[in-house]
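Okay, so here's the structure we're looking at.
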Amino acid sequence: MWNFTNSINVLGYFDPGSGSLVLQALVGGSAGLMVFGSYVWKLVVSQFQHH
Amino acid sequence: MSAFVNYEPGSYRDRDGRVFYDQDGGVFRALSSRALTAWNDLQTTRFFPRSVESGAVVRSQALSPAEAQQVVGFENWAGALRHDVIPFVSYPFEWSFGMLQDAALLQLDLLGTALTEDFTLKDGTAYNVQWTGVRPVFVDVVSFERLLAGQTWAGYRQFCQTFLFPLMLQAYKQTPFQPWLRGRLDGITPDECWSLMSWRDFFRRGVPSHVCLHAWLQSRRATPETSTTSALAAAGFRKDLIRANAQGLKRIVSSLLWKPAPSAWSNYAEANGYAIADQRLKENFVRQAVHSKSWGLVWDVGCNTGTYSRIAAENAEQVVAIDADPLTVERLYQSLKLEPDRRGAPILPLVSNLADQTGGLGWRGLERKSLPARGRPELTLCLALIHHLVIGAGVPMLELLDWFAELGTSLIIEFVAKDDPMVQSLLKNRRDRDKDYEQDVFERLLSAKFDVVRKEPLGSGTRTLYFAHSRGPR
């Protein structure tokens with residue numbers, strides 16, 4: 001059963017070392033924001049599939 | 001060349017390349033087969049030879065297979081490089097604000113140029129930069145590697161922790177970064193940096209993203225099922241984003257400005273009340289001693305404005321100008337940068353307090369070495385400093401002179417008597433516990449370990465200069 005809390009807390013799925021990696025998309029300008037959006041979307045979808 | 005491989009204890013993190021020395025002090029780097037391939041690949045680029053030629057990257061030469069076999073043959077290394085020797089190894093916690101800033105800009109420039117030919121830097125630590133005088137030199141040549149599709153800059157966090165956050169701390173909070181970097185070799189973490197910022201700082205350049213958001217992202221604990229690197233690559237991460245990040249970081253680092261309050265030492269030259277005649281006498285004394293022979297490494301401890309470091313540089317191979325005050329060192333660094341045509345040896349300014357020296361740090365306590373372990377001076381200048389160490393910091397005079405003797409150094413030292421106004425101001429609010437801080441005691445202790453070849457009292461009557469050679473073994 002998929003838990004809705006997981007979707008809104010999707011950024012909680014970063015491990016401590018990965019925060020710096022993800023941030024590199026966020027500081028990369030508008031193109032980076034699109035990459036970040038795609039990254040988060042895939043993370044959410046994978047959570048759906050998992051549950 | 002020796003077949004004995006003497007590994008640098010601080011160079012253990014990168015399994016693909018390890019620094020070692022031969023018995024003559026030559027500096028080499030053993031390469032794994034992967035690193036050797038990357039090295040050969042690097043030679044085909046335009047940016048790398050250009051960076052070496054400009055002095056931004058240390059000059060390195062691959063050993064022939066026979067030489068490499070001779071040096072590293074008994075280990076599982078595929079090859080070896082010989083590096084130009086850095087005159088005196090220093091660490092970021094000994095640099096001034098401007099030095100750390102310039103080293104950061106060098107690192108970002110190299111990353112930017114490497115990206116143009118699809119190379120990247122696999123780390124971003126400040127320890128990859130050394131100095132030839134006041135010129136930063138990137139020394140970790142195996143840090144360059146081919147950029148893979150979708151790869152992020154693995155050195156970004158290191159860059160933040162050892163360059164960006166320490167610089168922000170000093171520029172935004174007026175807090176010297178040196179003790180923080182010395183306290184942890186990996187630097188200041190994002191959450192620590194954020195906890196030191198006020199909400200007002202949130203609106204400062206670079207803080208919302210590189211500090212606040214960074215700290216928040218780093219605090220997430222759960223682990224994704226796939227690796228973040230692969231997920232970002234799948235989401236379309238590309239080198240333009242690294243380039244944009246590097247350019248943004250460069251703008252932030254360049255804009256950081258340290259506006260220090262004047263320190264006790266920063267105006268010392270103007271405020272110390274030396275008579276011009278005494279100043280001349282002192283300069284002549286130092287110059288004559290310096291020109292009595294050619295010197296290799298010279299230390300100028302308590303260097304202040306660097307007047308005597310510059311004189312020492314007239315007849316030495318390398319001068320290390322040391323002062324405990326970060327602002328004094330910063331001013332010296334900036335003034336030396338404006339003297340590109342100055343003749344003589346390179347002068348490396350460093351922040352260090354002799355009464356609070358750096359011992360062995362890091363893994364096994366061997367990763368970062370003490371000052372003497374990085375190079376013992378042939379000549380040490382200790383001018384107008386002894387009263388600060390003995391009376392101010394409480395170092396016994398005997399131990400101080402013993403320490404100089406153990407270095408095996410010749411010494412130009414100035415004794416400042418208790419009736420000197422500067423010593424009087426030191427004693428104003430403290431109990432005079434140094435009853436043996438007297439000139440006759442000083443001379444007896446000095447003569448016990450050194451051959452005093454010259455002595456000259458200054459006109460003030462409270463200061464005397466000595467030139468002495470250690471009798472201890474070098």
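Identifiers in this document derive from the order of the structure tokens: chains are assigned A, B, ..., residues are numbered from 1 separately in each chain, and ligands are numbered from 1 in order of occurrence.
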Which residues come within 9 Å of Trp77 (chain B), counting only C-alpha atoms, excluding same-chain residues fewer than 4 positions away, as an mmCIF file with N, CA and C atoms, in the first residue's frame?
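File produced: around_3.cif:
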```cif
data_model
loop_
_atom_site.group_PDB
_atom_site.id
_atom_site.type_symbol
_atom_site.label_atom_id
_atom_site.label_comp_id
_atom_site.auth_asym_id
_atom_site.auth_seq_id
_atom_site.Cartn_x
_atom_site.Cartn_y
_atom_site.Cartn_z
ATOM 1 N N ASP B 16 44.160 5.642 -6.943
ATOM 2 C CA ASP B 16 44.751 5.595 -8.286
ATOM 3 C C ASP B 16 46.068 6.351 -8.388
ATOM 4 N N GLY B 17 46.448 7.042 -7.353
ATOM 5 C CA GLY B 17 47.699 7.786 -7.420
ATOM 6 C C GLY B 17 48.190 8.085 -6.026
ATOM 7 N N ALA B 30 52.950 7.683 -7.891
ATOM 8 C CA ALA B 30 52.706 6.377 -8.495
ATOM 9 C C ALA B 30 51.293 6.355 -9.069
ATOM 10 N N LEU B 31 51.126 5.734 -10.237
ATOM 11 C CA LEU B 31 49.830 5.731 -10.915
ATOM 12 C C LEU B 31 49.316 4.317 -11.108
ATOM 13 N N SER B 32 48.027 4.135 -10.868
ATOM 14 C CA SER B 32 47.392 2.859 -11.213
ATOM 15 C C SER B 32 47.252 2.816 -12.737
ATOM 16 N N SER B 33 46.859 1.671 -13.274
ATOM 17 C CA SER B 33 46.714 1.595 -14.731
ATOM 18 C C SER B 33 45.618 2.557 -15.199
ATOM 19 N N ALA B 68 60.235 3.892 -14.089
ATOM 20 C CA ALA B 68 59.068 3.593 -13.257
ATOM 21 C C ALA B 68 59.215 2.220 -12.603
ATOM 22 N N GLN B 69 59.736 1.284 -13.381
ATOM 23 C CA GLN B 69 59.942 -0.074 -12.863
ATOM 24 C C GLN B 69 60.924 -0.043 -11.695
ATOM 25 N N VAL B 72 58.924 2.002 -8.705
ATOM 26 C CA VAL B 72 57.705 1.441 -8.122
ATOM 27 C C VAL B 72 57.463 0.002 -8.561
ATOM 28 N N GLY B 73 58.499 -0.639 -9.060
ATOM 29 C CA GLY B 73 58.334 -1.948 -9.663
ATOM 30 C C GLY B 73 57.784 -3.004 -8.733
#
```
Within 12 Å of chain A: residues of chain B, using only C-alpha atoms, as a PyMOL selection string
chain B and resi 150-161+189-191+206-249
What gap, in Å, lies between CA of Thr462 (chain B) and CA of Leu445 (chain B)?
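Computing the Euclidean distance for CA of Thr462 (chain B) and CA of Leu445 (chain B) yields 18.7 Å.
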Members of region 21-240 of chain B assigned strand (DSSP E or B) by DSSP, as a list in words
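Strand (DSSP E or B) members of region 21-240 of chain B, listed: Tyr21, Val27, Phe28, Arg29, Ala30, Leu31, Val57, Ser60, Gln61, Ala62, Gly79, Ala80, Leu81, Arg82, His83, Phe119, Thr120, Leu121, Val129, Gln130, Trp131, Thr132, Arg135, Pro136, Val137, Phe138, Phe144, Glu145 and Arg146 of chain B.
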d(CA of Leu381 (chain B), CA of Ile412 (chain B)) in Å
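Spanning CA of Leu381 (chain B) to CA of Ile412 (chain B) is a straight-line distance of 4.9 Å.
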Selected residue of minimal separation from Asp109 (chain B) among B:Val57, B:Ala66, B:Ala78, B:Ile386, counting only C-alpha atoms
B:Val57
Could you work out how far CA of Asp356 (chain B) lies from CA of Ser410 (chain B), giving the answer in Å with one decimal?
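Straight-line distance from CA of Ser410 (chain B) to CA of Asp356 (chain B) works out to 22.3 Å.
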Extract, using only C-alpha atoms, all DNA, RNA and protein residues at most 12 Å from Glu406 (chain B), discarding same-chain residues fewer than 5 positions from it, and format them as a PDB file with C-alpha atoms, in the first residue's frame.
```pdb
ATOM      1  CA  PRO B 372      59.703  21.872  11.028  1.00  0.00           C
ATOM      2  CA  ARG B 376      63.871  23.120   8.702  1.00  0.00           C
ATOM      3  CA  PRO B 377      65.200  26.607   8.146  1.00  0.00           C
ATOM      4  CA  GLU B 378      68.883  27.328   7.647  1.00  0.00           C
ATOM      5  CA  GLU B 399      62.655  26.223  25.873  1.00  0.00           C
ATOM      6  CA  LEU B 400      62.291  28.780  23.112  1.00  0.00           C
ATOM      7  CA  LEU B 401      66.041  28.919  22.507  1.00  0.00           C
ATOM      8  CA  LEU B 411      69.405  32.938  14.152  1.00  0.00           C
ATOM      9  CA  LYS B 449      73.446  26.589  22.289  1.00  0.00           C
ATOM     10  CA  PHE B 450      74.657  29.058  19.708  1.00  0.00           C
ATOM     11  CA  HIS B 469      74.855  29.968  14.531  1.00  0.00           C
ATOM     12  CA  SER B 470      73.448  26.851  16.130  1.00  0.00           C
ATOM     13  CA  ARG B 471      75.961  24.318  17.385  1.00  0.00           C
ATOM     14  CA  GLY B 472      73.329  21.593  17.123  1.00  0.00           C
ATOM     15  CA  PRO B 473      73.282  19.101  14.252  1.00  0.00           C
ATOM     16  CA  ARG B 474      71.220  19.959  11.223  1.00  0.00           C
TER      17      ARG B 474
END
```
Output as a PyMOL selection string all residues of region 154-365 of chain B that backbone DSSP marks as alpha helix (DSSP H).
chain B and resi 156-159+165-173+178-183+190-195+214-218+228-234+239-255+268-271+276-290+307-312+326-337
Contact table region 131-197 of chain B vs region 334-348 of chain B, cut-off 7 Å, shortest pair per residue, only C-alpha atoms, as JSON lines:
```
{"residue": "B:Thr132", "atom": "CA", "partner": "B:Pro346", "partner_atom": "CA", "distance": 6.6}
{"residue": "B:Gly133", "atom": "CA", "partner": "B:Pro346", "partner_atom": "CA", "distance": 4.3}
{"residue": "B:Val134", "atom": "CA", "partner": "B:Leu348", "partner_atom": "CA", "distance": 6.0}
```
Please, could you write that set of residues out with N, CA and C atoms as a PDB file, in the first residue's frame?
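Contents of the output file again36.pdb:
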```
ATOM      1  N   THR B 132      53.905  28.697  -4.886  1.00  0.00           N
ATOM      2  CA  THR B 132      55.279  29.104  -5.179  1.00  0.00           C
ATOM      3  C   THR B 132      55.305  30.599  -4.923  1.00  0.00           C
ATOM      4  N   GLY B 133      55.838  31.000  -3.786  1.00  0.00           N
ATOM      5  CA  GLY B 133      55.730  32.393  -3.371  1.00  0.00           C
ATOM      6  C   GLY B 133      54.267  32.736  -3.164  1.00  0.00           C
ATOM      7  N   VAL B 134      53.783  33.761  -3.867  1.00  0.00           N
ATOM      8  CA  VAL B 134      52.369  34.137  -3.712  1.00  0.00           C
ATOM      9  C   VAL B 134      51.543  33.675  -4.910  1.00  0.00           C
TER      10      VAL B 134
END
```
Any idea what's packed within 10 Å of Arg29 (chain B), counting only C-alpha atoms, ignoring anything in its chain fewer than 2 positions away? Could you give it as a list in words?
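So, after excluding close chain neighbours, the residues are Tyr7, Glu8, Ser11, Asp16, Gly17, Arg18, Val19, Phe20, Tyr21, Val27, Leu31, Ser32, Ser60, Gln61, Ala62, Leu63, Val72, Trp77, Gly79, Ala80, Leu81, Arg82, His83, Asp140, Val141 and Val142 of chain B.
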When you look at Ile391 (chain B) with a cut-off of 12 Å (counting only C-alpha atoms), what residues show up, excluding the ones that are within fewer than 3 positions of it in the same chain? I need them as a count of residues only.
30
Can you pull out every residue within 9 Å of Ser352 (chain B), counting only C-alpha atoms, but drop anything in the same chain fewer than 5 positions away, and send it as a PyMOL selection string?
chain B and resi 93-95+301+322-326+357-358
Selection to disk with C-alpha atoms, as a PDB file, in the first residue's frame:
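So again04.pdb came out as:
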```pdb
ATOM      1  CA  PHE B  93      44.498  26.722   7.665  1.00  0.00           C
ATOM      2  CA  GLU B  94      47.770  28.641   7.346  1.00  0.00           C
ATOM      3  CA  TRP B  95      46.616  30.831   4.476  1.00  0.00           C
ATOM      4  CA  VAL B 301      58.784  34.394  12.461  1.00  0.00           C
ATOM      5  CA  ILE B 322      55.098  33.588   9.448  1.00  0.00           C
ATOM      6  CA  ASP B 323      52.803  35.663  11.612  1.00  0.00           C
ATOM      7  CA  ALA B 324      50.036  34.767  14.041  1.00  0.00           C
ATOM      8  CA  ASP B 325      47.791  37.606  12.898  1.00  0.00           C
ATOM      9  CA  PRO B 326      45.620  36.767   9.832  1.00  0.00           C
ATOM     10  CA  GLN B 357      51.823  25.286  16.531  1.00  0.00           C
ATOM     11  CA  THR B 358      50.177  22.714  14.350  1.00  0.00           C
TER      12      THR B 358
END
```
